[in-house]
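Printed here is target-v5.txt (compact mmCIF, C-alpha atoms):
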# COMPACT_ATOMS: atom_id res chain seq x y z
CA MET P 62 258.24 -50.79 -14.24
CA SER P 63 255.28 -49.75 -16.30
CA GLN P 64 255.71 -47.99 -19.64
CA ASN P 65 253.40 -45.18 -18.72
CA HIS P 66 254.49 -44.44 -15.22
CA PHE P 67 257.66 -44.62 -13.26
CA VAL P 68 256.99 -46.95 -10.34
CA LEU P 69 259.16 -46.91 -7.25
CA ARG P 70 258.61 -49.84 -4.90
CA GLU P 71 259.71 -50.31 -1.28
CA GLN P 72 262.63 -52.51 -2.23
CA GLU P 73 264.10 -50.05 -4.75
CA TYR P 74 263.40 -47.12 -2.48
CA GLY P 75 265.28 -48.85 0.34
CA ALA P 76 268.21 -49.62 -1.95
CA PHE P 77 268.34 -46.02 -3.22
CA LEU P 78 268.16 -44.67 0.31
CA SER P 79 270.96 -46.85 1.64
CA ALA P 80 273.19 -45.84 -1.31
CA LEU P 81 272.40 -42.16 -0.60
CA ARG P 82 273.18 -42.58 3.12
CA LYS P 83 276.51 -44.19 2.34
CA LEU P 84 277.35 -41.41 -0.10
CA ARG P 85 276.46 -38.76 2.45
CA THR P 86 278.72 -40.31 5.07
CA ASP P 87 281.61 -41.00 2.68
CA ALA P 88 281.49 -37.52 1.14
CA PHE P 89 280.95 -35.64 4.45
CA ALA P 90 277.92 -34.05 2.77
CA LYS P 91 275.05 -32.20 4.46
CA VAL P 92 272.20 -33.44 2.29
CA VAL P 93 271.89 -35.85 -0.61
CA PHE P 94 268.86 -36.01 -2.94
CA LEU P 95 267.80 -38.31 -5.72
CA VAL P 96 265.42 -36.72 -8.22
CA ASP P 97 263.96 -37.96 -11.49
CA LYS P 98 264.60 -35.91 -14.62
CA ASN P 99 261.00 -34.69 -14.58
CA GLY P 100 261.60 -32.98 -11.26
CA THR P 101 260.08 -35.36 -8.73
CA LEU P 102 261.94 -36.15 -5.53
CA LEU P 103 262.61 -39.88 -5.12
CA ALA P 104 264.61 -40.02 -1.91
CA SER P 105 266.70 -37.79 0.33
CA THR P 106 268.90 -38.09 3.37
CA GLY P 107 270.64 -35.64 5.69
CA GLU P 108 269.89 -32.22 7.13
CA ALA P 109 266.85 -31.60 4.94
CA VAL P 110 264.81 -29.89 7.67
CA GLY P 111 263.86 -26.39 6.54
CA LEU P 112 264.70 -27.13 2.92
CA ASP P 113 261.89 -26.98 0.38
CA THR P 114 262.71 -30.37 -1.12
CA THR P 115 259.90 -30.27 -3.68
CA ALA P 116 261.08 -26.97 -5.15
CA LEU P 117 264.68 -28.10 -4.95
CA ALA P 118 263.89 -31.23 -6.96
CA SER P 119 262.02 -29.26 -9.60
CA LEU P 120 264.75 -26.64 -9.97
CA ALA P 121 267.53 -29.24 -10.09
CA ALA P 122 265.70 -30.97 -12.94
CA GLY P 123 265.19 -27.60 -14.65
CA ASN P 124 268.89 -26.91 -14.21
CA ILE P 125 269.91 -30.21 -15.81
CA ALA P 126 267.36 -29.71 -18.61
CA ALA P 127 268.60 -26.18 -19.37
CA THR P 128 272.28 -27.11 -19.38
CA GLY P 129 271.37 -30.16 -21.49
CA GLY P 130 269.85 -27.75 -24.01
CA LEU P 131 273.09 -25.73 -23.96
CA ALA P 132 275.11 -28.92 -24.44
CA ASN P 133 273.08 -29.87 -27.50
CA LEU P 134 273.79 -26.49 -29.04
CA ILE P 135 277.53 -27.18 -29.00
CA GLY P 136 277.14 -30.78 -30.13
CA GLU P 137 277.39 -32.43 -26.70
CA LYS P 138 274.79 -34.95 -25.52
CA GLU P 139 274.56 -33.35 -22.10
CA PHE P 140 276.68 -31.88 -19.33
CA SER P 141 276.46 -34.69 -16.84
CA ILE P 142 278.00 -32.83 -13.90
CA LEU P 143 277.15 -29.35 -12.61
CA PHE P 144 278.80 -27.65 -9.68
CA HIS P 145 277.48 -24.53 -7.94
CA GLU P 146 279.67 -22.78 -5.41
CA GLY P 147 278.11 -20.65 -2.68
CA GLU P 148 279.51 -18.67 0.24
CA ARG P 149 278.69 -21.39 2.78
CA ASP P 150 277.20 -24.31 0.91
CA ASN P 151 277.93 -25.83 -2.45
CA MET P 152 275.87 -28.05 -4.71
CA HIS P 153 277.07 -30.89 -6.90
CA ILE P 154 274.48 -32.11 -9.42
CA SER P 155 275.03 -35.13 -11.66
CA VAL P 156 273.03 -37.34 -14.00
CA VAL P 157 272.66 -41.01 -13.07
CA GLY P 158 271.73 -43.67 -15.59
CA ASP P 159 270.26 -41.16 -18.03
CA ARG P 160 267.12 -40.86 -15.95
CA LEU P 161 267.92 -39.70 -12.44
CA ILE P 162 269.65 -36.67 -10.95
CA LEU P 163 271.84 -36.89 -7.88
CA VAL P 164 272.17 -33.70 -5.84
CA VAL P 165 274.78 -33.36 -3.10
CA ILE P 166 274.87 -30.30 -0.85
CA PHE P 167 278.07 -29.86 1.15
CA ASP P 168 279.99 -27.20 3.04
CA ARG P 169 283.62 -26.62 4.03
CA ARG P 170 283.73 -29.92 5.93
CA SER P 171 284.09 -31.55 2.51
CA SER P 172 285.56 -30.62 -0.86
CA VAL P 173 284.45 -30.75 -4.47
CA GLY P 174 287.16 -33.32 -5.27
CA LEU P 175 286.01 -35.69 -2.56
CA VAL P 176 282.34 -35.25 -3.48
CA ARG P 177 283.11 -35.91 -7.13
CA LEU P 178 285.01 -39.05 -6.29
CA ARG P 179 282.32 -40.43 -3.99
CA VAL P 180 279.54 -39.44 -6.38
CA ARG P 181 281.19 -41.42 -9.16
CA ARG P 182 281.14 -44.57 -7.04
CA ALA P 183 277.64 -44.00 -5.72
CA SER P 184 276.35 -43.33 -9.26
CA GLU P 185 277.41 -46.80 -10.37
CA GLU P 186 275.49 -48.30 -7.47
CA LEU P 187 272.41 -46.13 -8.08
CA ALA P 188 272.48 -46.93 -11.82
CA LYS P 189 272.52 -50.66 -11.00
CA ILE P 190 269.49 -50.28 -8.74
CA LEU P 191 267.73 -48.31 -11.48
CA VAL P 192 268.47 -50.97 -14.10
CA ALA P 193 267.26 -53.71 -11.76
CA ALA P 194 264.08 -51.73 -11.10
CA GLU P 195 263.48 -51.20 -14.81
CA GLU P 196 264.07 -54.86 -15.57
CA SER P 197 261.86 -55.97 -12.73
CA THR P 198 259.17 -58.24 -14.12
CA VAL P 199 256.98 -57.85 -11.07
CA GLU P 200 253.65 -56.50 -12.24
CA ASP P 201 252.58 -53.05 -11.20
CA GLU P 202 250.29 -53.39 -8.23
CA GLY P 203 247.67 -51.64 -10.30
CA VAL P 204 246.68 -48.75 -8.06
CA ILE P 205 246.12 -46.46 -11.05
CA GLU P 206 244.41 -49.01 -13.27
CA GLU P 207 241.94 -49.82 -10.50
CA LEU P 208 240.86 -46.22 -9.99
CA THR P 209 237.17 -45.66 -10.58
CA GLU P 210 235.33 -42.54 -11.75
CA GLU P 211 234.11 -42.26 -8.18
CA ASP P 212 237.66 -42.27 -6.77
CA ILE P 213 238.57 -39.44 -9.12
CA GLU P 214 235.42 -37.46 -8.24
CA SER P 215 236.16 -37.90 -4.53
CA LEU P 216 239.28 -35.75 -4.90
CA PHE P 217 237.16 -32.71 -5.60
CA ARG P 218 234.55 -33.01 -2.86
CA MET N 269 255.04 -39.64 -17.19
CA SER N 270 253.42 -40.02 -13.81
CA PHE N 271 255.48 -41.25 -10.91
CA ILE N 272 254.05 -43.73 -8.43
CA ASN N 273 255.94 -44.14 -5.19
CA TYR N 274 254.78 -47.24 -3.33
CA SER N 275 257.10 -46.45 -0.48
CA SER N 276 255.65 -43.05 0.38
CA LYS N 277 252.25 -43.99 -1.16
CA GLU N 278 252.18 -41.11 -3.61
CA ILE N 279 251.06 -40.53 -7.17
CA ASN N 280 252.82 -37.58 -8.83
CA CYS N 281 251.66 -36.01 -12.09
CA LYS N 282 252.91 -33.07 -14.14
CA ILE N 283 250.60 -30.47 -15.68
CA VAL N 284 251.92 -27.83 -18.08
CA TYR N 285 250.13 -24.55 -18.84
CA TYR N 286 250.91 -23.66 -22.46
CA GLY N 287 249.92 -20.70 -24.60
CA PRO N 288 251.09 -17.47 -26.24
CA GLY N 289 252.87 -14.69 -24.38
CA LEU N 290 250.73 -12.70 -21.91
CA CYS N 291 247.74 -15.06 -22.20
CA GLY N 292 247.56 -15.57 -18.43
CA LYS N 293 249.39 -18.82 -17.66
CA THR N 294 251.27 -17.39 -14.69
CA THR N 295 248.08 -15.62 -13.54
CA ASN N 296 246.32 -19.01 -13.43
CA LEU N 297 249.02 -20.40 -11.13
CA GLN N 298 249.07 -17.27 -8.99
CA TYR N 299 245.32 -17.52 -8.46
CA ILE N 300 245.55 -21.20 -7.54
CA TYR N 301 248.40 -20.40 -5.15
CA LYS N 302 246.38 -17.63 -3.48
CA ARG N 303 243.21 -19.67 -3.13
CA MET N 304 244.55 -23.09 -2.13
CA ASN N 305 244.80 -24.03 1.51
CA PRO N 306 248.49 -23.52 2.44
CA ASP N 307 248.61 -27.14 3.69
CA ALA N 308 247.69 -28.33 0.21
CA ARG N 309 250.24 -26.39 -1.76
CA GLY N 310 253.96 -25.76 -1.72
CA LYS N 311 255.87 -22.63 -2.51
CA MET N 312 255.37 -21.11 -5.95
CA ILE N 313 258.62 -20.67 -7.84
CA SER N 314 258.75 -18.14 -10.69
CA LEU N 315 261.81 -17.91 -12.88
CA ALA N 316 260.95 -14.58 -14.46
CA THR N 317 262.65 -11.52 -15.91
CA GLU N 318 262.79 -8.19 -14.09
CA THR N 319 259.63 -7.19 -15.92
CA GLU N 320 257.86 -10.30 -14.61
CA ARG N 321 257.79 -12.12 -17.92
CA THR N 322 258.33 -15.86 -17.49
CA LEU N 323 261.92 -16.65 -18.43
CA PHE N 324 262.04 -20.40 -17.86
CA PHE N 325 259.03 -21.63 -15.91
CA ASP N 326 256.71 -21.13 -12.94
CA PHE N 327 256.26 -24.09 -10.65
CA LEU N 328 253.53 -24.82 -8.12
CA PRO N 329 253.18 -28.18 -6.32
CA LEU N 330 249.70 -29.17 -5.10
CA SER N 331 248.41 -32.04 -2.95
CA LEU N 332 244.83 -33.03 -3.62
CA GLY N 333 243.98 -35.65 -1.04
CA GLU N 334 244.03 -39.42 -1.27
CA VAL N 335 242.68 -42.05 -3.61
CA ARG N 336 242.89 -45.67 -2.53
CA GLY N 337 245.38 -44.77 0.19
CA PHE N 338 247.67 -42.92 -2.20
CA LYS N 339 248.34 -39.19 -1.84
CA THR N 340 247.87 -37.37 -5.14
CA ARG N 341 250.36 -34.67 -5.96
CA PHE N 342 250.27 -32.45 -9.02
CA HIS N 343 253.18 -30.35 -10.19
CA LEU N 344 251.93 -27.36 -12.17
CA TYR N 345 254.34 -25.70 -14.59
CA THR N 346 253.97 -22.82 -17.02
CA VAL N 347 256.11 -22.35 -20.11
CA PRO N 348 257.48 -19.00 -21.27
CA GLY N 349 255.01 -17.89 -23.94
CA GLN N 350 257.23 -15.59 -25.97
CA VAL N 351 258.08 -17.09 -29.34
CA PHE N 352 261.86 -17.00 -28.94
CA TYR N 353 261.83 -19.16 -25.79
CA ASP N 354 260.98 -22.28 -27.77
CA ALA N 355 263.94 -24.32 -26.51
CA SER N 356 262.78 -23.79 -22.92
CA ARG N 357 259.20 -24.76 -23.78
CA ARG N 358 260.36 -28.07 -25.22
CA LEU N 359 262.30 -28.88 -22.05
CA ILE N 360 259.37 -28.13 -19.77
CA LEU N 361 257.09 -30.48 -21.74
CA ARG N 362 259.32 -33.43 -20.85
CA GLY N 363 257.43 -35.99 -18.80
CA VAL N 364 254.15 -34.05 -19.00
CA ASP N 365 250.94 -35.89 -18.07
CA GLY N 366 248.45 -33.24 -19.15
CA VAL N 367 248.38 -29.82 -20.81
CA VAL N 368 246.21 -26.75 -20.30
CA PHE N 369 246.21 -24.59 -23.39
CA CYS N 370 245.52 -21.07 -22.22
CA ALA N 371 244.23 -19.01 -25.15
CA ASP N 372 243.96 -15.23 -25.16
CA SER N 373 240.39 -14.43 -26.28
CA GLN N 374 241.24 -10.99 -27.68
CA LEU N 375 240.75 -10.77 -31.44
CA THR N 376 244.19 -9.23 -31.87
CA ARG N 377 245.80 -12.36 -30.36
CA MET N 378 244.23 -14.96 -32.64
CA ASP N 379 247.37 -15.37 -34.76
CA ALA N 380 249.46 -15.81 -31.62
CA ASN N 381 247.01 -18.44 -30.31
CA VAL N 382 247.11 -20.42 -33.55
CA GLU N 383 250.89 -20.25 -33.69
CA SER N 384 251.13 -21.46 -30.10
CA VAL N 385 248.71 -24.38 -30.65
CA GLU N 386 250.80 -25.49 -33.63
CA ASN N 387 253.97 -25.03 -31.60
CA LEU N 388 252.51 -27.21 -28.83
CA ARG N 389 251.81 -30.03 -31.28
CA LEU N 390 255.32 -29.83 -32.70
CA ASN N 391 257.00 -29.77 -29.31
CA LEU N 392 254.90 -32.65 -27.98
CA GLU N 393 255.92 -34.67 -31.02
CA GLU N 394 259.56 -33.78 -30.43
CA GLN N 395 259.26 -35.12 -26.89
CA GLY N 396 257.92 -38.41 -28.24
CA TYR N 397 254.24 -37.85 -27.49
CA ASN N 398 251.31 -38.36 -29.81
CA PRO N 399 249.85 -34.81 -29.78
CA ASP N 400 246.36 -36.21 -30.44
CA LYS N 401 246.46 -38.34 -27.30
CA VAL N 402 247.96 -36.17 -24.58
CA PRO N 403 245.27 -35.08 -22.08
CA LEU N 404 244.43 -31.49 -23.04
CA VAL N 405 242.02 -28.83 -21.82
CA MET N 406 241.42 -25.54 -23.65
CA GLN N 407 240.98 -22.47 -21.51
CA TYR N 408 239.62 -19.36 -23.25
CA ASN N 409 240.97 -16.66 -20.99
CA LYS N 410 240.29 -12.91 -20.68
CA ARG N 411 236.54 -13.29 -21.33
CA ASP N 412 236.01 -10.03 -19.39
CA LEU N 413 237.79 -7.90 -22.01
CA PRO N 414 236.17 -6.06 -24.94
CA ASN N 415 236.91 -7.08 -28.54
CA ILE N 416 237.09 -10.80 -27.92
CA ALA N 417 236.37 -13.71 -30.23
CA SER N 418 233.29 -15.84 -29.60
CA VAL N 419 233.71 -19.29 -28.08
CA ALA N 420 232.55 -20.78 -31.40
CA GLU N 421 235.31 -18.91 -33.24
CA LEU N 422 237.94 -19.95 -30.70
CA HIS N 423 236.70 -23.53 -30.90
CA ALA N 424 236.92 -23.59 -34.69
CA LEU N 425 240.41 -22.08 -34.71
CA LEU N 426 242.05 -23.81 -31.77
CA ASN N 427 240.13 -26.79 -30.48
CA LEU N 428 240.86 -29.16 -33.33
CA ARG N 429 240.74 -32.22 -31.05
CA ASN N 430 237.39 -31.20 -29.57
CA VAL N 431 238.70 -31.41 -26.00
CA PRO N 432 236.99 -29.88 -22.95
CA GLU N 433 236.93 -26.06 -23.15
CA ILE N 434 236.43 -23.58 -20.36
CA GLU N 435 235.85 -19.84 -20.40
CA ALA N 436 237.95 -17.99 -17.88
CA CYS N 437 239.10 -14.74 -16.41
CA ALA N 438 242.25 -15.73 -14.57
CA THR N 439 242.69 -12.36 -12.83
CA THR N 440 239.40 -12.81 -10.97
CA GLY N 441 239.63 -16.61 -10.86
CA ILE N 442 236.64 -17.42 -13.05
CA GLY N 443 237.24 -20.78 -14.70
CA VAL N 444 240.67 -21.31 -13.11
CA PHE N 445 239.80 -24.19 -10.79
CA GLU N 446 237.34 -25.62 -13.33
CA THR N 447 240.22 -25.85 -15.80
CA LEU N 448 242.51 -27.51 -13.26
CA LYS N 449 239.82 -29.97 -12.23
CA ALA N 450 239.01 -30.91 -15.84
CA THR N 451 242.71 -31.49 -16.53
CA ILE N 452 243.27 -33.64 -13.44
CA LYS N 453 240.24 -35.76 -14.34
CA LEU N 454 241.52 -36.27 -17.87
CA ILE N 455 244.97 -37.24 -16.59
CA LEU N 456 243.73 -39.75 -14.02
CA ASN N 457 241.30 -41.26 -16.53
CA ASP N 458 244.09 -41.48 -19.09
CA LEU N 459 246.40 -43.20 -16.61
CA ARG N 460 243.65 -45.54 -15.53
CA LYS N 461 243.08 -46.69 -19.08
CA GLY N 462 246.76 -47.38 -19.58
CA GLY N 463 247.60 -44.03 -21.10
CA ARG N 464 249.37 -43.36 -24.31

Represent the structure contained in this file as structure tokens.
Amino acid sequence: MSQNHFVLREQEYGAFLSALRKLRTDAFAKVVFLVDKNGTLLASTGEAVGLDTTALASLAAGNIAATGGLANLIGEKEFSILFHEGERDNMHISVVGDRLILVVIFDRRSSVGLVRLRVRRASEELAKILVAAEESTVEDEGVIEELTEEDIESLFR
Amino acid sequence: MSFINYSSKEINCKIVYYGPGLCGKTTNLQYIYKRMNPDARGKMISLATETERTLFFDFLPLSLGEVRGFKTRFHLYTVPGQVFYDASRRLILRGVDGVVFCADSQLTRMDANVESVENLRLNLEEQGYNPDKVPLVMQYNKRDLPNIASVAELHALLNLRNVPEIEACATTGIGVFETLKATIKLILNDLRKGGR
């Protein structure tokens, strides 16, 4: 993983996705998302059709950032779990490995207790994948470094 | 920090529009939203007060085509400009790849511009950035209004790093896309050279 950018390769993406799928099944959840703290969607699984996943990722990150700011004000490092209860659907948001945000959307087929339990287990798995990815010594495939002025210009034609 | 996804072949970057209250940051995003092809942009999210002042941030995702087989996506954010929302501004700067400083050209807003430029430097430092290295573009907005400072005056007061500067009128769109384009170029060039 490069210092300047967060690189997600096929292998890590696959590992994240299979952990998310398992969590979704185990927790009887509708949708599960993995987002980075800057608000970019990494992977998702479930009934995501019709959901604006880009906006959801950005707002989830904003939510964690804002509550993190609140936490600091009372001397806490952060609030690592947030739970939002709706009329039909609920949202469980948690921080994974200090860098990622796990979002689980579920309805009455599941419960907050079950989701919390399954999220705890899945978080350990996701954190391991993240650590492995960060420790990966495989060199960045260099797509950014190889960009030319012409490539950049071509975006605006 | 940009995010490169080799699985979905995407490069994601974050651009933050910074500046004093009522300088036109949200108006920039609204114009881009209106003028972009709907296929190339997502929904614009505005977390604003009842009087349409930005409370937390505006968010607009854009897709700009491909380079070397990778889709380029840019997430545009604005900060709340009002002085007392400083905690929110700091949070939004996290992970930023490039900043547009939107200055209000009106003479009466010069103090607010200077304060905001200094605030940007401080907040970038707090987020672990070198404020002299972060890709930055200055936009001198509201050039259509009377009683405005000259570009030379704005330059001397605000553009201490001598970065690209663009005159704009965000309500009519003058300079809006030029600013965005200049910022994207700076970001991609910065990433290409290994960044900060």

Expected residue set, 12 Å radius at (250.4, -23.8, -33.6), only C-alpha atoms, as a ChimeraX atom specification: /N:286-288,351,369,371,378-392,399,425-428

Neighbour list for N:Glu278 as a list of chain:residue names, cut-off 6 Å, only C-alpha atoms, skip fewer than 5 positions in-chain: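 Contacts, with the query itself left out: N:Ile272, N:Asn273, N:Phe338, N:Lys339, N:Thr340.
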
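Note that atom CA of N:Leu375 and atom CA of N:Val444 are 21.1 Å apart.
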
Residue list for chain P near chain N as a ChimeraX atom specification, 8 Å, all atoms listed in the file: /P:65-71,74,99,101,103,113,115-116,119,123,126-127,130,204-208,210,212-217

Shell of 10 Å around N:Leu448, only C-alpha atoms, local chain residues under 5 positions omitted, as a PyMOL selection string: chain N and resi 283+285+296-297+300+344+367-368+405+407+443+453-454

Separation of atom CA of N:Ser331 from atom CA of N:Tyr301, in Å and rounded to one decimal: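 Between atom CA of N:Ser331 and atom CA of N:Tyr301 the gap works out to 11.8 Å.
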
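The smallest atom-to-atom distance between P:Ile190 and any of P:Phe94, P:Phe77, P:Phe167, P:Phe140, using all atoms listed in the file, is found for P:Phe77.
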
Residue nearest P:Val180 among P:Asp87, P:Asp159, P:Glu139, P:Asp168 (counting all atoms listed in the file):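 So, comparing all the options, the nearest one is P:Asp87.
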
What are the centre and edge lengths in Å, to one decimal, of the axis-aligned box around all listed atoms of stretch 147-158 of chain P with 4 Å added on each side, as lines of an AutoDock Vina configuration file?
center_x = 275.6
center_y = -31.2
center_z = -6.4
size_x = 15.8
size_y = 33.0
size_z = 26.4

Between atom CA of P:Ala194 and atom CA of P:Ala132, distance in Å (one decimal):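 Distance reported for this atom pair: 28.6 Å.
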
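Considering the residues P:Ala76, P:Ala188, P:Val93, P:Leu81 and counting all atoms listed in the file, P:Val165 has its shortest atom-to-atom contact with P:Val93.
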
Atoms added to stretch 409-439 of chain N (N, CA and C atoms), reported as a PDB file, in the frame of the given file:
ATOM      1  N   ASN N 409     240.767 -17.613 -22.074  1.00  0.00           N
ATOM      2  CA  ASN N 409     240.970 -16.660 -20.990  1.00  0.00           C
ATOM      3  C   ASN N 409     240.616 -15.227 -21.434  1.00  0.00           C
ATOM      4  N   LYS N 410     240.539 -14.352 -20.469  1.00  0.00           N
ATOM      5  CA  LYS N 410     240.290 -12.910 -20.680  1.00  0.00           C
ATOM      6  C   LYS N 410     238.888 -12.661 -21.252  1.00  0.00           C
ATOM      7  N   ARG N 411     237.903 -13.462 -20.824  1.00  0.00           N
ATOM      8  CA  ARG N 411     236.540 -13.290 -21.330  1.00  0.00           C
ATOM      9  C   ARG N 411     235.919 -11.975 -20.867  1.00  0.00           C
ATOM     10  N   ASP N 412     236.557 -11.289 -19.909  1.00  0.00           N
ATOM     11  CA  ASP N 412     236.010 -10.030 -19.390  1.00  0.00           C
ATOM     12  C   ASP N 412     236.397  -8.831 -20.266  1.00  0.00           C
ATOM     13  N   LEU N 413     237.307  -9.039 -21.222  1.00  0.00           N
ATOM     14  CA  LEU N 413     237.790  -7.900 -22.010  1.00  0.00           C
ATOM     15  C   LEU N 413     236.878  -7.613 -23.214  1.00  0.00           C
ATOM     16  N   PRO N 414     236.926  -6.360 -23.718  1.00  0.00           N
ATOM     17  CA  PRO N 414     236.170  -6.060 -24.940  1.00  0.00           C
ATOM     18  C   PRO N 414     236.908  -6.628 -26.155  1.00  0.00           C
ATOM     19  N   ASN N 415     236.288  -6.629 -27.278  1.00  0.00           N
ATOM     20  CA  ASN N 415     236.910  -7.080 -28.540  1.00  0.00           C
ATOM     21  C   ASN N 415     237.477  -8.494 -28.460  1.00  0.00           C
ATOM     22  N   ILE N 416     236.631  -9.407 -28.007  1.00  0.00           N
ATOM     23  CA  ILE N 416     237.090 -10.800 -27.920  1.00  0.00           C
ATOM     24  C   ILE N 416     236.362 -11.667 -28.952  1.00  0.00           C
ATOM     25  N   ALA N 417     236.978 -12.765 -29.296  1.00  0.00           N
ATOM     26  CA  ALA N 417     236.370 -13.710 -30.230  1.00  0.00           C
ATOM     27  C   ALA N 417     235.294 -14.516 -29.492  1.00  0.00           C
ATOM     28  N   SER N 418     234.313 -15.003 -30.238  1.00  0.00           N
ATOM     29  CA  SER N 418     233.290 -15.840 -29.600  1.00  0.00           C
ATOM     30  C   SER N 418     233.881 -17.214 -29.319  1.00  0.00           C
ATOM     31  N   VAL N 419     233.229 -17.944 -28.410  1.00  0.00           N
ATOM     32  CA  VAL N 419     233.710 -19.290 -28.080  1.00  0.00           C
ATOM     33  C   VAL N 419     233.681 -20.166 -29.343  1.00  0.00           C
ATOM     34  N   ALA N 420     232.654 -19.976 -30.171  1.00  0.00           N
ATOM     35  CA  ALA N 420     232.550 -20.780 -31.400  1.00  0.00           C
ATOM     36  C   ALA N 420     233.747 -20.522 -32.309  1.00  0.00           C
ATOM     37  N   GLU N 421     234.144 -19.242 -32.403  1.00  0.00           N
ATOM     38  CA  GLU N 421     235.310 -18.910 -33.240  1.00  0.00           C
ATOM     39  C   GLU N 421     236.591 -19.524 -32.672  1.00  0.00           C
ATOM     40  N   LEU N 422     236.746 -19.394 -31.358  1.00  0.00           N
ATOM     41  CA  LEU N 422     237.940 -19.950 -30.700  1.00  0.00           C
ATOM     42  C   LEU N 422     237.979 -21.470 -30.891  1.00  0.00           C
ATOM     43  N   HIS N 423     236.804 -22.078 -30.732  1.00  0.00           N
ATOM     44  CA  HIS N 423     236.700 -23.530 -30.900  1.00  0.00           C
ATOM     45  C   HIS N 423     237.162 -23.943 -32.302  1.00  0.00           C
ATOM     46  N   ALA N 424     236.616 -23.228 -33.300  1.00  0.00           N
ATOM     47  CA  ALA N 424     236.920 -23.590 -34.690  1.00  0.00           C
ATOM     48  C   ALA N 424     238.405 -23.407 -35.011  1.00  0.00           C
ATOM     49  N   LEU N 425     239.000 -22.383 -34.415  1.00  0.00           N
ATOM     50  CA  LEU N 425     240.410 -22.080 -34.710  1.00  0.00           C
ATOM     51  C   LEU N 425     241.382 -22.958 -33.942  1.00  0.00           C
ATOM     52  N   LEU N 426     241.040 -23.236 -32.668  1.00  0.00           N
ATOM     53  CA  LEU N 426     242.050 -23.810 -31.770  1.00  0.00           C
ATOM     54  C   LEU N 426     241.753 -25.216 -31.282  1.00  0.00           C
ATOM     55  N   ASN N 427     240.469 -25.520 -31.136  1.00  0.00           N
ATOM     56  CA  ASN N 427     240.130 -26.790 -30.480  1.00  0.00           C
ATOM     57  C   ASN N 427     239.920 -27.894 -31.517  1.00  0.00           C
ATOM     58  N   LEU N 428     240.981 -28.200 -32.223  1.00  0.00           N
ATOM     59  CA  LEU N 428     240.860 -29.160 -33.330  1.00  0.00           C
ATOM     60  C   LEU N 428     240.589 -30.575 -32.841  1.00  0.00           C
ATOM     61  N   ARG N 429     240.977 -30.874 -31.594  1.00  0.00           N
ATOM     62  CA  ARG N 429     240.740 -32.220 -31.050  1.00  0.00           C
ATOM     63  C   ARG N 429     239.399 -32.332 -30.329  1.00  0.00           C
ATOM     64  N   ASN N 430     238.677 -31.228 -30.269  1.00  0.00           N
ATOM     65  CA  ASN N 430     237.390 -31.200 -29.570  1.00  0.00           C
ATOM     66  C   ASN N 430     237.520 -31.661 -28.117  1.00  0.00           C
ATOM     67  N   VAL N 431     238.460 -31.078 -27.413  1.00  0.00           N
ATOM     68  CA  VAL N 431     238.700 -31.410 -26.000  1.00  0.00           C
ATOM     69  C   VAL N 431     237.850 -30.488 -25.124  1.00  0.00           C
ATOM     70  N   PRO N 432     237.774 -30.768 -23.817  1.00  0.00           N
ATOM     71  CA  PRO N 432     236.990 -29.880 -22.950  1.00  0.00           C
ATOM     72  C   PRO N 432     237.472 -28.435 -23.044  1.00  0.00           C
ATOM     73  N   GLU N 433     236.526 -27.475 -23.064  1.00  0.00           N
ATOM     74  CA  GLU N 433     236.930 -26.060 -23.150  1.00  0.00           C
ATOM     75  C   GLU N 433     236.214 -25.271 -22.075  1.00  0.00           C
ATOM     76  N   ILE N 434     236.961 -24.336 -21.493  1.00  0.00           N
ATOM     77  CA  ILE N 434     236.430 -23.580 -20.360  1.00  0.00           C
ATOM     78  C   ILE N 434     236.704 -22.103 -20.554  1.00  0.00           C
ATOM     79  N   GLU N 435     235.663 -21.288 -20.327  1.00  0.00           N
ATOM     80  CA  GLU N 435     235.850 -19.840 -20.400  1.00  0.00           C
ATOM     81  C   GLU N 435     236.392 -19.356 -19.070  1.00  0.00           C
ATOM     82  N   ALA N 436     237.318 -18.403 -19.128  1.00  0.00           N
ATOM     83  CA  ALA N 436     237.950 -17.990 -17.880  1.00  0.00           C
ATOM     84  C   ALA N 436     238.305 -16.519 -17.857  1.00  0.00           C
ATOM     85  N   CYS N 437     238.508 -16.059 -16.629  1.00  0.00           N
ATOM     86  CA  CYS N 437     239.100 -14.740 -16.410  1.00  0.00           C
ATOM     87  C   CYS N 437     240.061 -14.969 -15.246  1.00  0.00           C
ATOM     88  N   ALA N 438     241.312 -15.250 -15.585  1.00  0.00           N
ATOM     89  CA  ALA N 438     242.250 -15.730 -14.570  1.00  0.00           C
ATOM     90  C   ALA N 438     242.536 -14.679 -13.494  1.00  0.00           C
ATOM     91  N   THR N 439     242.404 -13.391 -13.839  1.00  0.00           N
ATOM     92  CA  THR N 439     242.690 -12.360 -12.830  1.00  0.00           C
ATOM     93  C   THR N 439     241.673 -12.403 -11.697  1.00  0.00           C
TER      94      THR N 439
END
